[in-house]
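Colleague: Quick one: structure below, then a few questions.
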Amino acid sequence: MTEFKTHIMVCGGTGCRASQSEKIRQNLNTAIQEYGLEDDVQVVMTGCFGFCEKGPVVKIIPDNTFYVQVKPEDADLIIQEHIIKGRKVSHLLYEDPKTKEMVSDSKHMDFYKKQIRIALRNCGFINPENIDEYIARDGYAALGKVLTEMTPEQVIAEMKQSGLRGRGGGGFPTGLKWEITRKSQNDQKYVVCNADEGDPGAFMDRSILEGDPNSVIEAMAICGYCIGANQGLVYIRAEYPLAIDRLRTALKQAREYGLLGKDILGTGFNFDIELRYGAGAFVCGEETALIHSMEGLRGEPTFKPPFPAVSGYKGKPTNVNNVETFANVPVIINKGANWFNKIGSEKSKGTKVFALAGKINNVGLIEVPMGTTLREVIYEIGGGIKDGKKFKAVQTGGPSGGCLTEKHLDTPIDFDNLIAAGSMMGSGGMIVMDEDSCMVSIAKFYLEFTLDESCGKCAPCRIGNKRLHEILNKITQGNGTKTDLDRLRLLGNVIKDCSLCGLGQTSPNPVLSTLTNFYNEYIDHVENHKCSAGQCKALLKYVIDPEICTGCTLCFRNCPVGAISGEKKSPHSIDQSLCIKCGACYEKCKFNAIRIA
Amino acid sequence: MNTIKLTIDNKSVEAAQGTTILDAAASVGINIPTLCHMKLHDMSIENRPGGCRVCVVEVDGRRNLAPACVTEVTEGMNIKTHSIRVINARRTVTELILSDHPFDCLVCAKSGNCELQALAQKLGIREIHYKGEQSHYREDTSPAIIREMDKCILCRRCEMMCNEVQTVGVLSAINRGFITVVSPAFEMNLDHSVCTYCGQCVAVCPTGALTEVDHTGAVIRALSDPNKTVIVQTAPAVRAALGEEFGLEPGSLVTGKMAAALRQLGFDYVFDTDFAADLTIMEEGTELLSRLNKHLQGDKSVKLPILTSCCPAWVKFFEHQFPDLIDIPSTARSPQQMFGAIAKNYFANNIQVDRENLVVVSIMPCLAKKYECARDEFAEKGNPDVDFAITTRELAQLIKLANIDFNALPEEEFDNPLGESTGAGVIFGTTGGVIEAAVRTAYELHTGKPLPKIDFEELRGMEGIRHATIDFNGLDLNIGIAHGLGNARKLLEDIRNGKSDFHAIEIMSCPGGCIGGGGQPYHHGDAEILKKRQEALYREDKSKPIRKSHENPYIKKIYEEFLGHPLSEISHHLLHTEYFDRSKK
């Protein structure tokens, strides 16, 4: 086997691939050949590095140079300068926004400093399409240990001791779930991996499957051993083609290595995994709906109990865990529950992966210990708010979560604290909003998602959310009243209280949390007919300041509906009854004479 | 089984493990309102998707309200069914459902029988605080059933009936969220689907979303046409249920009042489908014996079991689903169609009326009968043997429209010759009845001896699939009975797989048989009503002086005068039919 002196890691996550990272890889390889470096330098397509804001990312090992926003045409330069001449390509290095210094090693970047990567441990480090690289980083050691040294009860005890809770949103203790499924007597049981990631903006499960599929496969086999299942199923959305590809490759290699299939590692334990594809319904992330969908039925939740642990796929005991949850398992086995449970907060152990998005400088995927505060995440890791604007709110938990404000910034993030604050962990979406965000519109936006994704089975979710949305619409149109605010609260609480599944029970959270945390903004909309963020078009009024207007007629010529009138070289005015609030005049005016009132 | 102690509205309750809060509450006189839930006790038919959320209750220690219909009781549970939180939630949810429902109550076919209307009344809803967009769907009309999905509340009962009970699989929810609707695949029309028109979806629909095609107008027009002679036949199950429409106890027999009402409505002759049922037995019973004898003599071309063929939904079911078996059912037409053929080809001659001027109306407990009488093979030169089939409910509507005080009517007799029937004809209306009637006749024809007993208790009951062996003078005749198409499917699959050792099987599409038909007064999920109707038919049978079809004097007469003998050429032409492979369209 060739021992390469240098490894060039190119991010092969979906995001960087969309920014031509595949082309970067090709160009790097071409250059390597051109300079005859084939025996010394290897290009590795890895999983996601997380720092998507600065993608495509290329990292050189062993010197840990971290190049950002690399273009395909930079490949030649990297080889020539860095590899051959040993000089870093300075314009591709990351510039620290505070110190304006170029940072070469990612461990010195604020984005990475506070992160502890457990679930994402291999993302960006290994080639996910080569099982050897996984094995080289302790891969399948946990499975070997479990099968040869531990009884299922011992493994379950270890999992319980670790304090690992479900990362899909519910936060149910994983070890306990395994124990319940183990205790369900049946001739056939199943391990299901829930890879139906659907929260808008969340992509940690995709990244894990793209970057480190074997970690999930290994964990599923461990789970199978514990609960007494020989069959695993990954329910994955068909919109994740790359994750599916990498998973398929990993499954094939694991079978070839005897790590899946019959008599694994000669221990007599049989376990194999099949894929099941989801059509992209958000509700199918709910475990009963997921199981119905796998059975070929309509993806609708059913009442629990019976829980899947008792009666799941095909009526058999089924343990359903999320991708990120599984990704933690081999590490817990390898390093021990007591290593794991020292990380995190009192009731939420370990780390959590968040997908940072919105009006934040460092968009990307991060993994931090539970108990990290929102402030640390937003201002240190996330690099603060874009364009120096003011922080207004952060939505955690996707459409099921709520909007948290300034006063929550020092709250340590964990399952229980987020619920207490009126939001939830969810699968780890974290969308940051600045002063330009209208909270009524934000609530409406999330509710639109829920409206589309409600399965329609239970009346409060199906009709209630529709009515909530109609009331919000009325408010953003400037026709809302204070009674409507009471109705929002009352109806939202009934929907929470009465809906069948988690989707319905949490769907009013964006409305209720904004109503609580931004009540004055709602009042502003209904009483003053004002949207201070300037987002609700119907509430905007464009006016021309006659003192500033020069009568250049630019606005007059650009108004698509002829709402602007005025003589050349004298102040113009806007006929409010004709104005459609398109903002064209506002954009065009060179003298800042047009104001939004 | 463990007994669980709990408290509901401060009352101590004991319930068996596995009992729902709904049933536990009902056991102490607390009737929690429901909407989507429906349970036909002892018939293994239950719909509890837990979807409407009307039955929510407050359970101490739980974060959310719990749906009483699906939540099982646990030890020490403390439940409040009418706390302010519950009332507020229940009323809000009901208001939401109403907010997406047309306010057509004044003119809705279901008004007065609508469970949503009743719920709104029970909860005292006087205003709908949440107004907004309402769902609109294209109306779908078929030969028997109208789908008006604007009125659907997504209780999913129809879907459960169509898929789980009948295994027909036409109806299911499609789309998501607010635009979710129960529909055939790709929103196709019902008449393009494999729907059998059994009408069980209509029978369980809580609102006016699913109703029958209304033929009362056509009947009124025929009755008022001086050029038409209008005759009527009434199916056996109708007399055991019609009284319910006029406030009588379920199980009241109103045969005589019904005859009187029909006469008052202006029908020229009031006849009885039971007569045709006796005729069916003559033909089908003879066919059974003929096939049985050939089979016993080793004729391999003869297939057994013979299957009854009087249920049109069942006929359409096997035409779609078991086309490979279409030579197994009896070729005998249903009583409705036998009656129509005799009326238009024999009775019309007797009274010297052209077939075009003789209008045959049938009163049926069934929706599929509307479809059956419109089948091409049951018409001559475009003139159908049976012109209009109306349901028990439609007849009640006609009676009300004619200002008839039904309960004050005298008991009257049917007209002759097509009004005379035996007890065997009467029990056609219940599961097990057709085969019992056939056995009574076939036994005597086969053995030449009188029956030692007339009542075959072993063939009766409400079990979905039943079987019995009848001693035919040394020959053990294996009889199977199925009601509900899902049960029928099981027996048919056994036949297909060569695992059936039955000689004859009776199949009825509707649970309970015709007494539970889709055109009967709504049972609202009360299985006791079906049982009482069944008892009523057996009572009527017992009270009849003649209880075997072949002893019906008018049946004997019609064979002497017109048909010759069972399975004669003219019988073949008028009383038998053929089936079609509908599996490919």
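Following the order of the structure tokens, first chain is A, next is B, and so on, with residues numbered from 1 inside each chain and ligands from 1 in the order they appear.
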To test your reading of the structure, identify every residue in stretch 366-590 of chain A that backbone DSSP assigns to strand (DSSP E), and report it as a list in words.

Modeller: Ile366, Glu367, Val368, Pro369, Phe391, Lys392, Ala393, Val394, Gln395, Thr396, Gly402, Cys403, Leu404, Thr405, Gly429, Met430, Ile431, Val432, Met433, Asp434, Tyr542, Val543, Ile544, Ile564, Ser565, Ser573 and Ile574 of chain A

Colleague: Only residues of chain B matter here; which ones have an atom within 10 Å of chain A, counting only C-alpha atoms? Give them as JSON, numbers by chain.

Modeller: {"B": [48, 49, 50, 51, 52, 53, 54, 55, 56, 57, 58, 63, 64, 65, 66, 67, 70, 71, 72, 85, 86, 88, 89, 90, 91, 92, 93, 94, 95, 96, 97, 98, 99, 100, 129, 130, 131, 132, 133, 134, 153, 154, 155, 156, 172, 173, 174, 175, 176, 177, 178, 179, 180, 181]}

Colleague: In Å, with one decimal, what is the gap from atom CA of A:Leu485 to atom CA of B:Glu127?

Modeller: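 So the two atoms, atom CA of A:Leu485 and atom CA of B:Glu127, lie 18.6 Å apart.
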
Colleague: Could you pull out all residues of stretch 104-299 of chain B with a DSSP call of helix (DSSP H, G or I) and give them as a VMD selection string?

Modeller: chain B and resid 105 to 107 115 to 122 149 to 151 157 to 165 177 to 179 185 to 187 190 to 192 200 to 204 216 to 223 236 to 240 242 to 246 255 to 265 273 to 296

Colleague: Using Å and a single decimal, report how far atom CA of B:Ala118 sits from atom CA of B:His82.

Modeller: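 About the pair atom CA of B:His82 and atom CA of B:Ala118: they are 18.0 Å apart.
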
Colleague: Give me the residues near stretch 260-277 of chain A as an mmCIF file with C-alpha atoms, in the first residue's frame, where near means some atom within 10 Å (using only C-alpha atoms) and where sequence neighbours in that chain fewer than 6 positions away do not count.

Modeller:
```
data_model
loop_
_atom_site.group_PDB
_atom_site.id
_atom_site.type_symbol
_atom_site.label_atom_id
_atom_site.label_comp_id
_atom_site.auth_asym_id
_atom_site.auth_seq_id
_atom_site.Cartn_x
_atom_site.Cartn_y
_atom_site.Cartn_z
ATOM 1 C CA LEU A 143 -19.253 -3.676 17.365
ATOM 2 C CA GLY A 144 -16.411 -6.104 17.923
ATOM 3 C CA LEU A 147 -20.212 -8.902 20.238
ATOM 4 C CA THR A 148 -17.250 -10.501 21.934
ATOM 5 C CA TYR A 190 -36.453 -4.586 13.699
ATOM 6 C CA VAL A 191 -33.966 -1.758 14.074
ATOM 7 C CA VAL A 192 -35.021 1.304 12.135
ATOM 8 C CA CYS A 193 -32.880 4.326 11.445
ATOM 9 C CA ALA A 195 -33.209 9.372 8.200
ATOM 10 C CA ASP A 196 -36.290 11.283 7.157
ATOM 11 C CA ILE A 217 -24.400 0.999 10.212
ATOM 12 C CA GLU A 218 -22.191 -0.042 13.113
ATOM 13 C CA MET A 220 -27.575 -0.233 14.094
ATOM 14 C CA ALA A 221 -25.844 -3.579 14.320
ATOM 15 C CA ILE A 222 -25.042 -2.894 17.989
ATOM 16 C CA GLY A 224 -29.778 -5.159 16.755
ATOM 17 C CA TYR A 225 -27.566 -7.212 19.043
ATOM 18 C CA GLY A 228 -32.543 -9.149 19.481
ATOM 19 C CA ALA A 229 -33.091 -8.049 15.890
ATOM 20 C CA ASN A 230 -31.404 -9.406 12.806
ATOM 21 C CA GLN A 231 -32.874 -6.884 10.426
ATOM 22 C CA GLY A 232 -32.248 -3.179 10.164
ATOM 23 C CA LEU A 233 -33.992 -0.677 7.935
ATOM 24 C CA VAL A 234 -32.919 2.837 7.071
ATOM 25 C CA TYR A 235 -35.854 5.046 6.171
ATOM 26 C CA ILE A 236 -34.260 7.760 4.116
ATOM 27 C CA ARG A 237 -35.734 10.496 2.014
ATOM 28 C CA ALA A 238 -35.345 9.943 -1.671
ATOM 29 C CA GLU A 239 -34.213 13.575 -1.979
ATOM 30 C CA TYR A 240 -30.881 12.605 -0.432
ATOM 31 C CA ILE A 244 -28.232 7.031 -0.345
ATOM 32 C CA LEU A 247 -24.920 4.382 2.409
ATOM 33 C CA ARG A 248 -25.250 1.772 -0.316
ATOM 34 C CA LEU A 251 -23.410 -1.418 3.192
ATOM 35 C CA LYS A 252 -21.786 -3.286 0.350
ATOM 36 C CA GLN A 253 -18.322 -2.898 1.840
ATOM 37 C CA ALA A 254 -19.514 -3.839 5.331
ATOM 38 C CA SER A 293 -44.889 4.556 5.148
ATOM 39 C CA MET A 294 -42.366 1.694 5.193
ATOM 40 C CA GLU A 295 -45.276 -0.721 5.130
#
```

Colleague: What lies within 10 Å of B:Asp405 using only C-alpha atoms, ignoring chain neighbours under 5 positions off, as a ChimeraX atom specification?

Modeller: /B:246,261,399-400

Colleague: Could those residues be written to a file, using N, CA and C atoms, as a PDB file, in the first residue's frame?

Modeller:
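again.pdb written:
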```pdb
ATOM      1  N   PHE B 246     -90.079   5.874  11.409  1.00  0.00           N
ATOM      2  CA  PHE B 246     -91.275   6.502  11.968  1.00  0.00           C
ATOM      3  C   PHE B 246     -91.309   6.351  13.485  1.00  0.00           C
ATOM      4  N   ALA B 261     -99.270   1.574   3.079  1.00  0.00           N
ATOM      5  CA  ALA B 261     -98.670   2.853   2.679  1.00  0.00           C
ATOM      6  C   ALA B 261     -98.421   2.881   1.176  1.00  0.00           C
ATOM      7  N   ILE B 399     -93.331   8.343   1.863  1.00  0.00           N
ATOM      8  CA  ILE B 399     -94.490   8.229   2.755  1.00  0.00           C
ATOM      9  C   ILE B 399     -94.729   9.554   3.478  1.00  0.00           C
ATOM     10  N   LYS B 400     -93.623  10.169   3.927  1.00  0.00           N
ATOM     11  CA  LYS B 400     -93.753  11.458   4.613  1.00  0.00           C
ATOM     12  C   LYS B 400     -94.278  12.519   3.653  1.00  0.00           C
TER      13      LYS B 400
END
```

Colleague: Mind checking which residues fall within 9 Å of A:Ile180, counting only C-alpha atoms, ignoring those fewer than 5 positions away in the same chain, and posting them as a list in words?

Modeller: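 Listing them by chain and then by number gives Gly175, Ile227, Ala309, Val310 and Asn319 of chain A.
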
Colleague: Which polymer residues have any atom within 8 Å of an atom of stretch 406-417 of chain B, counting only C-alpha atoms, with same-chain residues fewer than 4 positions away left out, as a list in words?

Modeller: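 The neighbour list is Phe246, Thr255, Gly256, Lys257, Met258, Ala259, Ala260, Ala261, Tyr269, Val270, Phe271, Asp272, Ile399 and Tyr554 of chain B.
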
Colleague: For those residues, write C-alpha atoms to a file as an mmCIF file, in the first residue's frame.

Modeller:
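What landed in selection_30.cif:
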```cif
data_model
loop_
_atom_site.group_PDB
_atom_site.id
_atom_site.type_symbol
_atom_site.label_atom_id
_atom_site.label_comp_id
_atom_site.auth_asym_id
_atom_site.auth_seq_id
_atom_site.Cartn_x
_atom_site.Cartn_y
_atom_site.Cartn_z
ATOM 1 C CA PHE B 246 -91.275 6.502 11.968
ATOM 2 C CA THR B 255 -95.170 -5.570 6.633
ATOM 3 C CA GLY B 256 -98.886 -4.775 6.706
ATOM 4 C CA LYS B 257 -98.487 -1.043 7.265
ATOM 5 C CA MET B 258 -95.919 -0.904 4.492
ATOM 6 C CA ALA B 259 -98.351 -2.571 2.078
ATOM 7 C CA ALA B 260 -101.025 -0.095 3.119
ATOM 8 C CA ALA B 261 -98.670 2.853 2.679
ATOM 9 C CA TYR B 269 -100.210 -3.420 -7.452
ATOM 10 C CA VAL B 270 -98.321 -3.961 -4.249
ATOM 11 C CA PHE B 271 -96.195 -7.058 -4.591
ATOM 12 C CA ASP B 272 -93.459 -8.702 -2.671
ATOM 13 C CA ILE B 399 -94.490 8.229 2.755
ATOM 14 C CA TYR B 554 -98.375 -19.162 -6.660
#
```

Colleague: Residues near stretch 238-242 of chain B, anyone? I mean within 8 Å using only C-alpha atoms, not counting same-chain ones fewer than 4 positions away, as a PDB file with C-alpha atoms, in the first residue's frame.

Modeller:
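Once written, result29.pdb looks like this:
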```pdb
ATOM      1  CA  THR B 234     -90.529  -4.856  -1.445  1.00  0.00           C
ATOM      2  CA  PHE B 246     -91.275   6.502  11.968  1.00  0.00           C
ATOM      3  CA  PRO B 250     -85.852  -1.426  15.936  1.00  0.00           C
ATOM      4  CA  GLY B 251     -87.089  -4.886  15.076  1.00  0.00           C
ATOM      5  CA  SER B 252     -90.702  -3.775  14.620  1.00  0.00           C
ATOM      6  CA  LEU B 253     -92.277  -5.627  11.716  1.00  0.00           C
ATOM      7  CA  VAL B 254     -94.311  -3.291   9.553  1.00  0.00           C
ATOM      8  CA  THR B 255     -95.170  -5.570   6.633  1.00  0.00           C
ATOM      9  CA  MET B 258     -95.919  -0.904   4.492  1.00  0.00           C
ATOM     10  CA  ILE B 363     -88.030  -1.025  -2.446  1.00  0.00           C
ATOM     11  CA  MET B 364     -84.649  -2.248  -1.408  1.00  0.00           C
ATOM     12  CA  PRO B 365     -82.423  -2.079   1.677  1.00  0.00           C
ATOM     13  CA  THR B 392     -85.939   1.906   2.610  1.00  0.00           C
ATOM     14  CA  ARG B 393     -84.975   5.488   3.452  1.00  0.00           C
ATOM     15  CA  ALA B 396     -89.906   6.615   4.163  1.00  0.00           C
ATOM     16  CA  ILE B 515     -80.843  -6.041   7.141  1.00  0.00           C
ATOM     17  CA  GLN B 520     -81.538   0.925   5.452  1.00  0.00           C
ATOM     18  CA  PRO B 521     -82.325   3.477   8.159  1.00  0.00           C
ATOM     19  CA  ARG B 533     -83.964  -6.648  12.518  1.00  0.00           C
ATOM     20  CA  GLN B 534     -82.616 -10.154  12.129  1.00  0.00           C
ATOM     21  CA  ALA B 536     -87.800  -9.762  13.316  1.00  0.00           C
ATOM     22  CA  LEU B 537     -87.273 -11.650  10.056  1.00  0.00           C
TER      23      LEU B 537
END
```

Colleague: Check the smallest atom-to-atom distance from each of B:Leu451, B:Leu171, B:Ile87, B:Leu367 to B:Leu190 using only C-alpha atoms, then report the winner.

Modeller: B:Leu171
